[in-house]
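S.K.: Here you go, this is run-v2.cif (mmCIF, C-alpha atoms).
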data_my_file
loop_
_atom_site.group_PDB
_atom_site.id
_atom_site.type_symbol
_atom_site.label_atom_id
_atom_site.label_comp_id
_atom_site.auth_asym_id
_atom_site.auth_seq_id
_atom_site.Cartn_x
_atom_site.Cartn_y
_atom_site.Cartn_z
ATOM 1 C CA MET A 1 73.787 45.902 -37.122
ATOM 2 C CA ILE A 2 71.355 48.855 -36.997
ATOM 3 C CA LEU A 3 70.986 50.741 -33.745
ATOM 4 C CA ILE A 4 67.744 52.649 -33.318
ATOM 5 C CA TYR A 5 67.626 55.448 -30.742
ATOM 6 C CA VAL A 6 64.220 56.239 -29.320
ATOM 7 C CA GLN A 7 63.942 59.560 -27.488
ATOM 8 C CA ASP A 8 62.089 59.646 -24.204
ATOM 9 C CA THR A 9 59.204 61.949 -25.162
ATOM 10 C CA GLN A 10 58.096 62.274 -21.580
ATOM 11 C CA ASN A 11 61.282 64.053 -20.535
ATOM 12 C CA PRO A 12 62.890 65.453 -23.631
ATOM 13 C CA GLU A 13 66.196 67.168 -23.125
ATOM 14 C CA ILE A 14 66.798 70.467 -24.887
ATOM 15 C CA SER A 15 70.395 70.862 -25.896
ATOM 16 C CA PRO A 16 72.289 74.068 -24.998
ATOM 17 C CA THR A 17 72.944 74.650 -28.718
ATOM 18 C CA PHE A 18 69.226 74.571 -29.496
ATOM 19 C CA LYS A 19 68.529 77.014 -26.663
ATOM 20 C CA LEU A 20 71.239 79.362 -27.967
ATOM 21 C CA VAL A 21 69.863 79.251 -31.522
ATOM 22 C CA MET A 22 66.349 80.030 -30.286
ATOM 23 C CA LEU A 23 67.621 82.949 -28.207
ATOM 24 C CA ILE A 24 69.529 84.332 -31.189
ATOM 25 C CA ILE A 25 66.434 84.054 -33.403
ATOM 26 C CA PHE A 26 64.321 85.794 -30.751
ATOM 27 C CA PHE A 27 66.725 88.700 -30.285
ATOM 28 C CA VAL A 28 67.320 89.097 -34.033
ATOM 29 C CA GLY A 29 63.560 89.197 -34.563
ATOM 30 C CA MET A 30 63.091 91.800 -31.840
ATOM 31 C CA ALA A 31 65.993 93.876 -33.148
ATOM 32 C CA THR A 32 64.525 93.745 -36.680
ATOM 33 C CA ILE A 33 61.153 95.007 -35.433
ATOM 34 C CA VAL A 34 62.760 97.827 -33.443
ATOM 35 C CA LEU A 35 65.044 98.832 -36.319
ATOM 36 C CA SER A 36 62.202 98.769 -38.857
ATOM 37 C CA LYS A 37 60.074 101.020 -36.638
ATOM 38 C CA PHE A 38 63.020 103.347 -36.090
ATOM 39 C CA TYR A 39 63.737 103.443 -39.834
ATOM 40 C CA ALA A 40 60.076 104.163 -40.672
ATOM 41 C CA PHE A 41 60.087 107.012 -38.142
ATOM 42 C CA PHE A 42 63.377 108.389 -39.471
ATOM 43 C CA GLU A 43 62.272 108.158 -43.110
ATOM 44 C CA SER A 44 58.970 109.848 -42.331
ATOM 45 C CA ILE A 45 60.869 112.854 -40.946
ATOM 46 C CA TYR A 46 63.278 112.795 -43.886
ATOM 47 C CA ALA A 47 60.446 112.592 -46.436
ATOM 48 C CA SER A 48 58.501 115.438 -44.831
ATOM 49 C CA LYS A 49 61.575 117.669 -45.118
ATOM 50 C CA TYR A 50 62.987 116.640 -48.497
ATOM 51 C CA HIS A 51 59.833 115.328 -50.248
ATOM 52 C CA LYS A 52 61.469 112.057 -51.288
ATOM 53 C CA PRO A 53 62.195 108.605 -49.818
ATOM 54 C CA PHE A 54 65.539 108.043 -48.112
ATOM 55 C CA PHE A 55 66.362 105.543 -50.863
ATOM 56 C CA LEU A 56 64.497 105.005 -54.109
ATOM 57 C CA ASN A 57 65.664 101.893 -55.953
ATOM 58 C CA THR A 58 66.720 98.357 -55.148
ATOM 59 C CA MET A 59 67.587 95.883 -57.898
ATOM 60 C CA LEU A 60 68.669 92.690 -56.162
ATOM 61 C CA PHE A 61 67.573 90.572 -59.109
ATOM 62 C CA LYS A 62 67.662 92.767 -62.167
ATOM 63 C CA LYS A 63 64.917 92.139 -64.702
ATOM 64 C CA GLU A 64 65.224 92.838 -68.413
ATOM 65 C CA LEU A 65 62.791 93.301 -71.269
ATOM 66 C CA SER A 66 62.630 91.115 -74.346
ATOM 67 C CA ASN A 67 64.480 92.425 -77.392
ATOM 68 C CA ARG A 68 61.140 93.322 -78.986
ATOM 69 C CA GLN A 69 59.937 95.231 -75.912
ATOM 70 C CA GLN A 70 63.211 97.154 -75.612
ATOM 71 C CA SER A 71 63.083 98.064 -79.298
ATOM 72 C CA ILE A 72 59.533 99.444 -78.893
ATOM 73 C CA LEU A 73 60.616 101.400 -75.817
ATOM 74 C CA GLU A 74 63.609 102.954 -77.578
ATOM 75 C CA GLN A 75 61.747 103.783 -80.785
ATOM 76 C CA GLN A 76 58.388 104.964 -79.452
ATOM 77 C CA PHE A 77 58.816 106.287 -75.912
ATOM 78 C CA SER A 78 60.761 109.550 -75.944
ATOM 79 C CA PHE A 79 60.892 109.952 -72.153
ATOM 80 C CA TYR A 80 63.066 106.823 -71.868
ATOM 81 C CA ASN A 81 65.605 108.217 -74.344
ATOM 82 C CA LYS A 82 65.983 111.405 -72.286
ATOM 83 C CA LEU A 83 67.100 109.461 -69.207
ATOM 84 C CA LYS A 84 70.698 108.869 -68.166
ATOM 85 C CA LYS A 85 72.106 105.379 -68.831
ATOM 86 C CA GLU A 86 71.798 104.260 -65.210
ATOM 87 C CA GLU A 87 68.227 105.596 -65.086
ATOM 88 C CA GLN A 88 67.403 103.713 -68.280
ATOM 89 C CA ALA A 89 68.538 100.461 -66.635
ATOM 90 C CA ILE A 90 66.224 101.142 -63.678
ATOM 91 C CA PHE A 91 63.381 102.040 -66.058
ATOM 92 C CA ARG A 92 63.765 98.743 -67.968
ATOM 93 C CA HIS A 93 63.857 96.790 -64.709
ATOM 94 C CA ARG A 94 60.715 98.482 -63.407
ATOM 95 C CA LEU A 95 58.961 98.132 -66.741
ATOM 96 C CA ALA A 96 59.652 94.390 -66.920
ATOM 97 C CA ILE A 97 58.280 93.931 -63.393
ATOM 98 C CA PHE A 98 55.206 96.078 -64.087
ATOM 99 C CA ILE A 99 54.357 94.156 -67.277
ATOM 100 C CA ASN A 100 54.659 90.830 -65.479
ATOM 101 C CA SER A 101 52.592 92.000 -62.496
ATOM 102 C CA LYS A 102 49.472 92.913 -64.520
ATOM 103 C CA GLU A 103 47.024 90.924 -66.612
ATOM 104 C CA PHE A 104 46.444 92.452 -70.052
ATOM 105 C CA ILE A 105 43.013 91.692 -71.526
ATOM 106 C CA GLY A 106 41.840 92.532 -75.031
ATOM 107 C CA ARG A 107 38.159 93.233 -75.703
ATOM 108 C CA GLU A 108 36.014 93.130 -78.853
ATOM 109 C CA GLY A 109 38.416 90.759 -80.562
ATOM 110 C CA LEU A 110 41.549 92.815 -79.865
ATOM 111 C CA LYS A 111 44.704 90.725 -79.562
ATOM 112 C CA VAL A 112 47.087 92.247 -77.003
ATOM 113 C CA ASP A 113 50.651 92.496 -78.309
ATOM 114 C CA ASP A 114 54.040 93.677 -77.035
ATOM 115 C CA GLU A 115 53.489 97.219 -78.301
ATOM 116 C CA MET A 116 50.376 97.592 -76.137
ATOM 117 C CA ARG A 117 51.943 96.021 -73.048
ATOM 118 C CA THR A 118 55.135 98.047 -73.396
ATOM 119 C CA LEU A 119 53.721 101.507 -74.126
ATOM 120 C CA ILE A 120 50.870 101.346 -71.613
ATOM 121 C CA SER A 121 53.145 100.012 -68.880
ATOM 122 C CA ALA A 122 55.884 102.524 -69.756
ATOM 123 C CA THR A 123 53.402 105.335 -69.100
ATOM 124 C CA ALA A 124 52.771 104.002 -65.595
ATOM 125 C CA VAL A 125 56.480 103.519 -64.913
ATOM 126 C CA MET A 126 57.254 107.040 -66.159
ATOM 127 C CA LEU A 127 54.708 108.671 -63.838
ATOM 128 C CA THR A 128 55.858 106.635 -60.808
ATOM 129 C CA PHE A 129 59.579 106.873 -61.562
ATOM 130 C CA GLY A 130 60.066 109.002 -58.453
ATOM 131 C CA PHE A 131 58.175 106.499 -56.263
ATOM 132 C CA ARG A 132 59.775 103.625 -54.403
ATOM 133 C CA ASN A 133 56.592 101.575 -54.667
ATOM 134 C CA TYR A 134 55.794 101.968 -58.353
ATOM 135 C CA ARG A 135 53.545 98.981 -59.142
ATOM 136 C CA ILE A 136 50.223 100.770 -58.415
ATOM 137 C CA GLU A 137 48.815 97.945 -56.294
ATOM 138 C CA LEU A 138 45.294 99.292 -56.817
ATOM 139 C CA LEU A 139 45.425 97.709 -60.276
ATOM 140 C CA ASP A 140 45.936 94.118 -61.282
ATOM 141 C CA LYS A 141 44.563 94.214 -64.832
ATOM 142 C CA VAL A 142 44.694 96.391 -67.935
ATOM 143 C CA ILE A 143 41.688 96.119 -70.269
ATOM 144 C CA ILE A 144 42.149 97.326 -73.843
ATOM 145 C CA TYR A 145 39.459 98.041 -76.448
ATOM 146 C CA PRO A 146 40.275 98.737 -80.110
ATOM 147 C CA LYS A 147 38.524 102.142 -79.953
ATOM 148 C CA SER A 148 36.054 104.025 -77.756
ATOM 149 C CA TYR A 149 33.648 101.591 -76.096
ATOM 150 C CA TYR A 150 30.079 101.740 -74.833
ATOM 151 C CA SER A 151 29.526 101.683 -71.071
ATOM 152 C CA LYS A 152 26.228 100.356 -69.753
ATOM 153 C CA LEU A 153 26.828 102.114 -66.425
ATOM 154 C CA ASN A 154 26.190 105.603 -67.748
ATOM 155 C CA GLU A 155 25.063 104.708 -71.280
ATOM 156 C CA THR A 156 27.786 106.616 -73.087
ATOM 157 C CA TYR A 157 31.008 105.946 -74.973
ATOM 158 C CA HIS A 158 34.307 106.011 -73.070
ATOM 159 C CA LYS A 159 37.920 106.398 -74.151
ATOM 160 C CA GLY A 160 39.305 105.209 -70.831
ATOM 161 C CA GLU A 161 38.556 104.779 -67.146
ATOM 162 C CA THR A 162 39.992 103.658 -63.839
ATOM 163 C CA ASN A 163 37.843 101.175 -61.920
ATOM 164 C CA PRO A 164 39.163 100.482 -58.401
ATOM 165 C CA GLN A 165 36.320 98.053 -57.651
ATOM 166 C CA LEU A 166 37.472 95.799 -60.515
ATOM 167 C CA LYS A 167 41.148 96.685 -59.877
ATOM 168 C CA ALA A 168 41.291 97.616 -63.555
ATOM 169 C CA ILE A 169 42.378 100.432 -65.815
ATOM 170 C CA VAL A 170 40.711 100.563 -69.243
ATOM 171 C CA PHE A 171 41.867 102.132 -72.502
ATOM 172 C CA SER A 172 40.730 102.614 -76.047
ATOM 173 C CA TRP A 173 43.944 101.676 -77.873
ATOM 174 C CA GLU A 174 43.148 104.092 -80.707
ATOM 175 C CA ASP A 175 42.826 106.999 -78.254
ATOM 176 C CA PHE A 176 45.808 105.898 -76.159
ATOM 177 C CA LYS A 177 48.004 106.080 -79.252
ATOM 178 C CA LYS A 178 46.575 109.497 -80.220
ATOM 179 C CA GLY A 179 47.790 110.811 -76.873
ATOM 180 C CA TYR A 180 51.415 110.330 -77.998
ATOM 181 C CA ASP A 181 50.935 111.396 -81.646
ATOM 182 C CA ILE A 182 51.079 115.065 -80.583
ATOM 183 C CA GLY A 183 53.413 115.478 -77.638
ATOM 184 C CA ASP A 184 52.587 119.021 -76.594
ATOM 185 C CA ASP A 185 48.790 119.407 -76.831
ATOM 186 C CA ASN A 186 48.259 118.486 -73.137
ATOM 187 C CA LEU A 187 45.891 115.674 -74.134
ATOM 188 C CA ASN A 188 47.182 112.230 -73.243
ATOM 189 C CA LEU A 189 44.739 109.475 -72.293
ATOM 190 C CA GLY A 190 47.416 107.226 -70.773
ATOM 191 C CA ILE A 191 48.808 109.946 -68.516
ATOM 192 C CA HIS A 192 45.309 111.079 -67.546
ATOM 193 C CA GLU A 193 43.988 107.654 -66.525
ATOM 194 C CA PHE A 194 47.165 106.562 -64.756
ATOM 195 C CA GLY A 195 46.984 109.920 -62.961
ATOM 196 C CA HIS A 196 43.633 108.781 -61.519
ATOM 197 C CA ALA A 197 45.097 105.395 -60.577
ATOM 198 C CA ILE A 198 48.117 106.950 -58.833
ATOM 199 C CA HIS A 199 45.884 109.409 -56.970
ATOM 200 C CA LEU A 200 43.490 106.706 -55.729
ATOM 201 C CA ASN A 201 46.317 104.312 -54.902
ATOM 202 C CA ALA A 202 48.217 106.906 -52.847
ATOM 203 C CA PHE A 203 45.205 107.632 -50.651
ATOM 204 C CA LYS A 204 44.732 103.886 -50.101
ATOM 205 C CA GLU A 205 48.343 102.938 -49.263
ATOM 206 C CA ASN A 206 50.694 103.983 -46.446
ATOM 207 C CA ASP A 207 54.133 103.556 -48.037
ATOM 208 C CA VAL A 208 56.496 106.514 -48.027
ATOM 209 C CA SER A 209 55.815 107.555 -51.644
ATOM 210 C CA SER A 210 52.065 107.526 -51.012
ATOM 211 C CA GLU A 211 52.571 109.676 -47.924
ATOM 212 C CA ILE A 212 54.637 112.181 -49.920
ATOM 213 C CA PHE A 213 51.927 112.300 -52.581
ATOM 214 C CA LYS A 214 49.113 112.756 -50.048
ATOM 215 C CA ASN A 215 50.942 115.484 -48.155
ATOM 216 C CA GLY A 216 51.718 117.283 -51.400
ATOM 217 C CA PHE A 217 48.166 117.022 -52.665
ATOM 218 C CA ASN A 218 46.739 118.357 -49.399
ATOM 219 C CA THR A 219 49.259 121.222 -49.446
ATOM 220 C CA LEU A 220 48.304 122.018 -53.042
ATOM 221 C CA ALA A 221 44.591 122.011 -52.167
ATOM 222 C CA ALA A 222 45.203 124.327 -49.194
ATOM 223 C CA TYR A 223 47.293 126.658 -51.359
ATOM 224 C CA LEU A 224 44.501 126.996 -53.932
ATOM 225 C CA GLN A 225 41.913 127.468 -51.203
ATOM 226 C CA GLU A 226 43.908 130.323 -49.691
ATOM 227 C CA HIS A 227 44.785 132.076 -52.958
ATOM 228 C CA LYS A 228 41.654 133.076 -54.839
ATOM 229 C CA MET A 229 43.705 135.133 -57.273
ATOM 230 C CA VAL A 230 45.586 132.001 -58.364
ATOM 231 C CA ARG A 231 42.310 130.167 -58.897
ATOM 232 C CA ASP A 232 41.049 133.060 -61.005
ATOM 233 C CA ASP A 233 44.286 133.078 -63.005
ATOM 234 C CA LEU A 234 43.972 129.339 -63.640
ATOM 235 C CA THR A 235 40.509 129.753 -65.093
ATOM 236 C CA ALA A 236 41.318 132.865 -67.089
ATOM 237 C CA SER A 237 44.499 131.461 -68.604
ATOM 238 C CA LYS A 238 42.704 128.579 -70.371
ATOM 239 C CA TYR A 239 46.055 126.751 -70.127
ATOM 240 C CA PHE A 240 44.296 123.884 -68.375
ATOM 241 C CA ARG A 241 41.244 122.576 -70.192
ATOM 242 C CA ALA A 242 37.878 123.152 -68.536
ATOM 243 C CA TYR A 243 37.528 119.459 -67.639
ATOM 244 C CA ALA A 244 40.132 120.037 -64.919
ATOM 245 C CA TYR A 245 37.564 121.847 -62.794
ATOM 246 C CA THR A 246 35.109 118.930 -62.665
ATOM 247 C CA ASN A 247 36.437 117.611 -59.341
ATOM 248 C CA LYS A 248 39.725 117.122 -57.463
ATOM 249 C CA PHE A 249 40.540 113.878 -59.298
ATOM 250 C CA GLU A 250 40.106 115.414 -62.749
ATOM 251 C CA PHE A 251 42.027 118.485 -61.607
ATOM 252 C CA PHE A 252 45.110 116.453 -60.735
ATOM 253 C CA ALA A 253 44.862 114.263 -63.851
ATOM 254 C CA VAL A 254 44.673 117.289 -66.154
ATOM 255 C CA LEU A 255 47.511 119.065 -64.324
ATOM 256 C CA LEU A 256 49.576 115.915 -64.738
ATOM 257 C CA GLU A 257 49.008 115.916 -68.509
ATOM 258 C CA ASN A 258 50.259 119.509 -68.699
ATOM 259 C CA PHE A 259 53.173 118.769 -66.377
ATOM 260 C CA MET A 260 54.407 115.922 -68.569
ATOM 261 C CA GLU A 261 53.694 117.420 -72.010
ATOM 262 C CA THR A 262 54.509 121.143 -71.636
ATOM 263 C CA PRO A 263 56.671 121.412 -68.488
ATOM 264 C CA GLU A 264 58.453 124.636 -69.428
ATOM 265 C CA GLU A 265 55.204 126.478 -70.151
ATOM 266 C CA PHE A 266 53.672 125.094 -66.945
ATOM 267 C CA LYS A 267 56.690 126.208 -64.912
ATOM 268 C CA THR A 268 56.611 129.687 -66.439
ATOM 269 C CA LYS A 269 52.883 130.297 -66.051
ATOM 270 C CA PHE A 270 52.241 128.633 -62.686
ATOM 271 C CA PRO A 271 55.576 128.004 -60.927
ATOM 272 C CA ASP A 272 54.051 127.187 -57.535
ATOM 273 C CA LEU A 273 51.670 124.595 -58.959
ATOM 274 C CA TYR A 274 54.499 123.122 -61.008
ATOM 275 C CA ARG A 275 56.625 122.815 -57.879
ATOM 276 C CA TYR A 276 53.833 121.076 -55.940
ATOM 277 C CA ILE A 277 53.267 118.492 -58.687
ATOM 278 C CA ARG A 278 57.003 117.893 -58.981
ATOM 279 C CA GLN A 279 57.270 117.344 -55.214
ATOM 280 C CA MET A 280 54.243 115.047 -55.094
ATOM 281 C CA LEU A 281 55.808 112.820 -57.751
ATOM 282 C CA ASN A 282 59.410 113.262 -56.545
ATOM 283 C CA PHE A 283 60.101 113.959 -60.209
ATOM 284 C CA ASN A 284 63.623 115.033 -61.082
ATOM 285 C CA PHE A 285 64.302 113.259 -64.350
ATOM 286 C CA ALA A 286 64.794 114.013 -68.030
ATOM 287 C CA GLY A 287 64.946 117.758 -67.499
ATOM 288 C CA TYR A 288 61.771 118.170 -65.439
#
For the file at hand, write its structure as structure tokens.
M.R.:
Amino acid sequence: MILIYVQDTQNPEISPTFKLVMLIIFFVGMATIVLSKFYAFFESIYASKYHKPFFLNTMLFKKELSNRQQSILEQQFSFYNKLKKEEQAIFRHRLAIFINSKEFIGREGLKVDDEMRTLISATAVMLTFGFRNYRIELLDKVIIYPKSYYSKLNETYHKGETNPQLKAIVFSWEDFKKGYDIGDDNLNLGIHEFGHAIHLNAFKENDVSSEIFKNGFNTLAAYLQEHKMVRDDLTASKYFRAYAYTNKFEFFAVLLENFMETPEEFKTKFPDLYRYIRQMLNFNFAGY
């Protein structure tokens, strides 16, 4: 025998258990909102004082690179080898996530391989290693040409560019590789273009790392505005190439190249500028 119970939909009865569950869900939801707002307020104060997030890394589900990608990283990316073992594990995790979060597109017949994905992405992960949000959400694709490419926009050849409208960063692979052939000439296409992407992304987002970057950049700009002698010293030193003085975006990108490639010279010649860049990036790794 099968008994079928039909509920009276006109006068449904709500069980005490159901009411209790709903109340618990409501109060947990309210408590979560209150706690998240309190935490954001607390972390904002903490970040303004210490120039870093309250916590930096979470690896609930650790990601790993393929054997080929890890081999490329170890053999061709010196920054990774300078990190401590626990930092290397975080770097690999972030690198695997970054690679999988972007679309890599080859142009002019170029076939994208693991070397391109790994080294380009490793540059981004290196520069954002002091950020909690390191994916650079401004970008969702990486476009790679074999060598310098012709742009119809300004009718000239480019080695690289950052295009926020297309959510793309573009590289000449030949010139990207040249940037790492000489590690101390302060010319690195990958660092330069990702510097633009980080700069634009920080002024678009509101996460704690973006706020630290923005505050640091504004402090740096005010410092240079107030100290004409420093500006004169910058120009006279010729330590930063002339392209740095094109606009504020090129200024930061060029400073970032010098910061990463010749940190000791940078620190010696312009200690205040070095300190501002280091704070903006929350960079305290591999001897920097």
S.K.: If you apply the PyMOL selection byres ((chain A and resi 219) around 12) to this file, what residues do you get, as an MDAnalysis selection string?
M.R.: chainID A and resid 48 212:218 220:226 272:273 275:277 279:280
S.K.: Can you pull out every residue within 6 Å of region 261-268 of chain A, counting only C-alpha atoms, but drop anything in the same chain fewer than 6 positions away, and send it as a ChimeraX atom specification?
M.R.: /A:183-184,186,274
S.K.: For a quick check of understanding, using all atoms listed in the file, which of A:Arg231, A:Lys147, A:His196, A:His158 has the smallest distance to Phe249 (chain A)?
M.R.: A:His196
S.K.: Would you compute an axis-aligned box for region 127-143 of chain A, covering every atom listed for it in the file with 8 Å of margin on each side, and report centre and edge lengths in Å to one decimal as AutoDock Vina command-line options?
M.R.:
--center_x 50.9 --center_y 101.6 --center_z -62.3 --size_x 34.4 --size_y 30.9 --size_z 31.9
S.K.: Glu174 (chain A): which residues within 9 Å, counting only C-alpha atoms, same-chain residues fewer than 5 positions away excluded, as a ChimeraX atom specification?
M.R.: /A:145-148,159
S.K.: Interatomic distance between CA of Ala47 (chain A) and CA of Leu127 (chain A)?
M.R.: 18.7 Å
S.K.: Between A:Ser172, A:Leu166, A:Phe240, A:Thr58, which has the minimum distance to Glu108 (chain A) (counting only C-alpha atoms)?
M.R.: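 Of A:Ser172, A:Leu166, A:Phe240, A:Thr58, the one nearest Glu108 (chain A) is A:Ser172, counting only C-alpha atoms.
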S.K.: Which neighbours of region 115-119 of chain A fall inside 7 Å, counting only C-alpha atoms, when residues of the same chain fewer than 4 positions from it are skipped, and could you give them as a PyMOL selection string?
M.R.: chain A and resi 69+72-73+99+123
S.K.: Using only C-alpha atoms, please write the residues we just selected to a file, as a PDB file, in the frame of the given file.
M.R.:
ATOM      1  CA  GLN A  69      59.937  95.231 -75.912  1.00  0.00           C
ATOM      2  CA  ILE A  72      59.533  99.444 -78.893  1.00  0.00           C
ATOM      3  CA  LEU A  73      60.616 101.400 -75.817  1.00  0.00           C
ATOM      4  CA  ILE A  99      54.357  94.156 -67.277  1.00  0.00           C
ATOM      5  CA  THR A 123      53.402 105.335 -69.100  1.00  0.00           C
TER       6      THR A 123
END
S.K.: Could you tell me which of A:Leu65, A:Ile136, A:Ala242, A:Leu83 comes closest to Phe203 (chain A) if we count all atoms listed in the file?
M.R.: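 Of all the options, A:Ile136 lies closest to Phe203 (chain A).
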S.K.: Might you pull out every residue within 8 Å of Phe171 (chain A), with only C-alpha atoms counted and same-chain residues fewer than 3 positions away left off, and present them as a VMD selection string?
M.R.: chain A and resid 142 to 145 159 to 161 175 to 176 189 to 190
S.K.: With distances taken over all atoms listed in the file, which of A:Glu64, A:Glu257, A:Glu155, A:Glu211 is nearest to Leu95 (chain A)?
M.R.: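 Nearest candidate to Leu95 (chain A) out of A:Glu64, A:Glu257, A:Glu155, A:Glu211: A:Glu64.
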S.K.: Excluding Phe61 (chain A) and residues on its chain fewer than 4 positions from it, collect all residues at most 12 Å away from it, counting only C-alpha atoms, and give them as a ChimeraX atom specification.
M.R.: /A:57,90,93-94,96-97
S.K.: Using all atoms listed in the file, which of A:Pro164, A:Lys102, A:Thr128, A:Val112 sits nearest Asp140 (chain A)?
M.R.: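 Distance minimum relative to Asp140 (chain A) lands on A:Lys102.
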S.K.: Calculate how many Å separate CA of Gln75 (chain A) from CA of Gly287 (chain A), rounding to one decimal.
M.R.: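 Value for the CA of Gln75 (chain A)-CA of Gly287 (chain A) distance: 19.5 Å.
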S.K.: Report the distance between CA of Lys63 (chain A) and CA of Arg135 (chain A) in Å, rounded to one decimal place.
M.R.: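 CA of Lys63 (chain A) sits 14.4 Å away from CA of Arg135 (chain A).
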S.K.: For each of A:Phe251, A:Phe41, A:Arg92, A:Ile25, take the minimum atom-to-atom distance to Asn67 (chain A), counting only C-alpha atoms, then give the residue where this is smallest.
M.R.: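 The shortest atom-to-atom distance to Asn67 (chain A) comes from A:Arg92.
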